[in-house]
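Colleague: Mind looking over this structure? Questions follow.
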Amino acid sequence: MARQAGKRRDIVLRPIIPTQAAATDLAAIYAPAWQIWSDNIDRILAGYDPQPLPTADTLTVDTVDQVQAAISSVAQEFLTILTARIAPGLRQWAVKAERTHRSKWSAAIKAGVGVDLDMILSAQPVEERLGTFLARNVALVQNVSDQAQGRIADAVFRGYEQRTPVREVAKEIREATGMGRDRAIRIASDQNSKLSSQLDRERQAEAGLTQFKWRHSGKVHPRSWHKARDGKVYFSRSGKPVDGGEAIPADDRAGMAPWCGCREQAYIALLDEVD
């Protein structure tokens with residue numbers, strides 16, 4: 001590619017950095033996983049009525065069953081939302097993210113080697129990757145709701161055991177939904193970065209590029225071994241440094257570790273061709 005464009009020097013294509021706006025949009029798609037529980041606190045607690053004193057050997061079964069039924073009903077309603085709204089929303093987000101990445105990749109190639117690939121590149125080579133991303137994120141959204149449900153059920157039934165006032169149980173439920181919100185935001189940020197780094201590797205392989213240059217994220221609290229890779233050139237397939245040394249573990253490539261913002265910049269080595 002670079003040879004055809006007449007370039008005679010090593011080239012490092014500019015990195016494609018996922019935007020915070022994309023992460024925010026993804027977090028909004030995740031939101032119903034915790035929001036539905038926040039919106040239904042009163043409904044869940046409508047039948048909450050623990051006995052003030054242990055007057056019998058059993059709990060007040062009727063009210064326990066009523067609360068359990070409310071929790072199960074909210075969980076079932078979420079599954080409907082997951083199928084009808086969230087899964088299609090995730091699909092639309094992934095399609096947009098791929099289109100944006102493809103445009104930036106094309107621009108990086110044009111800036112680096114002078115070749116315009118706008119009319120050649122398509123989504124077809126990365127469709128499998130997008131399908132995997134979609135399935136993974138549907139499961140993650142489900143897990144956010146499941147975890148919130150588990151915390152809420154624990155708060156309610158612990159409340160029965162300890163005869164906790166309803167206002168205190170409601171406070172625990174609000175805290176549980178807040179934890180769900182924070183977790184959804186963190187996951188969305190991580191998944192935004194992960195998809196971008198995966199598309200980096202897919203597009204580089206499609207272009208026949210065999211080397212990359214590690215670009216550290218610059219985060220305040222980095223993984224020391226990630227920072228140590230900054231600026232080094234590696235073979236794409238094996239993860240081995242071009243200058244020799246230990247290969248990058250297959251599960252520790254850029255963007256794979258939780259909240260890793262490092263990038264693998266496409267590297268085209270041409271110095272050996274200079275006369």
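So you can find residues: chains in the structure tokens are A, B, ... in the order shown, residues in each start at 1, and ligands are numbered from 1 in order.
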Find the residues near region 182-191 of chain A: any atom within 12 Å, counting only C-alpha atoms, skip ones fewer than 5 places away on the same chain, and give them as a PyMOL selection string.

Modeller: chain A and resi 18-35+90+93-94+97+130+132-134+136-145+147-148+175-177+196-198+255-262

Colleague: Give one line per residue of region 118-186 of chain A that approaches region 67-74 of chain A to at most 9 Å, naming the two atoms of the closest pair and their distance in Å to one decimal, counting only C-alpha atoms; sort by chain then ascending residue number and deliver it as a tab-separated table.

Modeller:
```
residue	atom	partner	partner_atom	distance
A:Gln149	CA	A:Ile71	CA	7.4
A:Ile152	CA	A:Ile71	CA	8.4
A:Ala153	CA	A:Ile71	CA	7.4
A:Val156	CA	A:Val67	CA	8.2
```

Colleague: Output N, CA, C and O atoms of each residue in that selection to a file, as a PDB file, in the first residue's frame.

Modeller:
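Output contents, as saved in again.pdb:
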```
ATOM      1  N   GLN A 149     -31.412  -6.798  40.870  1.00  0.00           N
ATOM      2  CA  GLN A 149     -32.504  -7.601  41.428  1.00  0.00           C
ATOM      3  C   GLN A 149     -32.042  -8.381  42.644  1.00  0.00           C
ATOM      4  O   GLN A 149     -32.748  -8.447  43.659  1.00  0.00           O
ATOM      5  N   ILE A 152     -31.650  -6.063  45.613  1.00  0.00           N
ATOM      6  CA  ILE A 152     -32.950  -5.600  46.098  1.00  0.00           C
ATOM      7  C   ILE A 152     -33.657  -6.710  46.874  1.00  0.00           C
ATOM      8  O   ILE A 152     -34.201  -6.483  47.968  1.00  0.00           O
ATOM      9  N   ALA A 153     -33.656  -7.911  46.326  1.00  0.00           N
ATOM     10  CA  ALA A 153     -34.291  -9.035  47.015  1.00  0.00           C
ATOM     11  C   ALA A 153     -33.617  -9.285  48.361  1.00  0.00           C
ATOM     12  O   ALA A 153     -34.287  -9.543  49.376  1.00  0.00           O
ATOM     13  N   VAL A 156     -34.763  -6.631  50.850  1.00  0.00           N
ATOM     14  CA  VAL A 156     -36.145  -6.812  51.285  1.00  0.00           C
ATOM     15  C   VAL A 156     -36.276  -7.978  52.260  1.00  0.00           C
ATOM     16  O   VAL A 156     -36.861  -7.841  53.352  1.00  0.00           O
TER      17      VAL A 156
END
```

Colleague: Give me, as a VMD selection string, the residues of region 56-256 of chain A that a backbone DSSP run labels helix (DSSP H, G or I).

Modeller: chain A and resid 61 to 113 124 to 162 166 to 206 224 to 228

Colleague: Counting only C-alpha atoms, which of A:Asp251, A:Asp230, A:Glu264, A:Asp146 gets nearest to Leu79 (chain A)?

Modeller: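 Using only C-alpha atoms, the shortest distance to Leu79 (chain A) belongs to A:Asp146.
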
Colleague: What's the separation between CA of Asp10 (chain A) and CA of Gly112 (chain A), in Å to one decimal place?

Modeller: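 Distance between the two atoms: 10.0 Å.
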
Colleague: Let me make sure I understand: among A:Ala269, A:Ile248, A:Ile173, A:Leu13, which one has the smallest atom-to-atom distance to Val113 (chain A) if we use only C-alpha atoms?

Modeller: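 For Val113 (chain A), the nearest of the given residues is A:Leu13.
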
Colleague: Can you pull out the residues contacting Ala266 (chain A)? Cut-off 8 Å, using only C-alpha atoms, and skip same-chain residues under 2 positions away; I want them as a PyMOL selection string.

Modeller: chain A and resi 12-15+204+209+211-213+264+268

Colleague: Filtering to N, CA and C atoms, could you give me those residues as a compact mmCIF listing (two decimals), in the first residue's frame?

Modeller:
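Just written: again04.txt:
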```txt
# COMPACT_ATOMS: atom_id res chain seq x y z
N VAL A 12 3.64 5.43 10.93
CA VAL A 12 2.76 5.06 12.02
C VAL A 12 1.44 5.78 11.79
N LEU A 13 0.39 5.02 11.53
CA LEU A 13 -0.91 5.65 11.29
C LEU A 13 -1.47 6.20 12.59
N ARG A 14 -2.14 7.32 12.48
CA ARG A 14 -2.68 7.95 13.69
C ARG A 14 -3.71 7.04 14.34
N PRO A 15 -3.76 7.06 15.66
CA PRO A 15 -4.68 6.15 16.38
C PRO A 15 -6.12 6.62 16.26
N GLN A 204 -6.54 -3.66 10.50
CA GLN A 204 -5.13 -3.81 10.18
C GLN A 204 -4.86 -5.15 9.51
N LEU A 209 -1.46 -5.52 7.15
CA LEU A 209 -0.40 -4.94 7.98
C LEU A 209 0.02 -5.95 9.04
N GLN A 211 2.55 -5.31 11.60
CA GLN A 211 3.20 -4.77 12.79
C GLN A 211 2.36 -3.64 13.38
N PHE A 212 2.52 -3.42 14.67
CA PHE A 212 1.86 -2.29 15.31
C PHE A 212 2.79 -1.67 16.34
N LYS A 213 2.51 -0.42 16.66
CA LYS A 213 3.26 0.30 17.68
C LYS A 213 2.35 0.54 18.87
N GLU A 264 -3.19 -0.01 19.60
CA GLU A 264 -2.21 -0.63 18.72
C GLU A 264 -2.23 0.14 17.41
N ILE A 268 3.93 0.66 9.54
CA ILE A 268 4.41 0.19 8.23
C ILE A 268 5.90 0.48 8.17
```

Colleague: Could you state the separation of CA of Lys171 (chain A) and CA of Val64 (chain A) in Å, given to one decimal place?

Modeller: 18.7 Å

Colleague: Between A:Gln76, A:Thr164, A:Ser38, A:Ser122, which one has atoms that come closest to Ser106 (chain A), using only C-alpha atoms?

Modeller: A:Ser122

Colleague: Write out as a list of chain:residue names all residues of region 124-234 of chain A that DSSP puts in strand (DSSP E) for this structure's backbone.

Modeller: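 Taking region 124-234 of chain A and keeping strand (DSSP E) gives A:Gln211, A:Phe212, A:Lys213, A:Trp214, A:Arg215, A:Val233, A:Tyr234.
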
Colleague: Rank nothing, just name the residue among A:Lys104, A:Phe157, A:Asn40, A:Arg201 nearest to Ala75 (chain A), using only C-alpha atoms.

Modeller: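 Comparing A:Lys104, A:Phe157, A:Asn40, A:Arg201 against Ala75 (chain A), the winner is A:Asn40.
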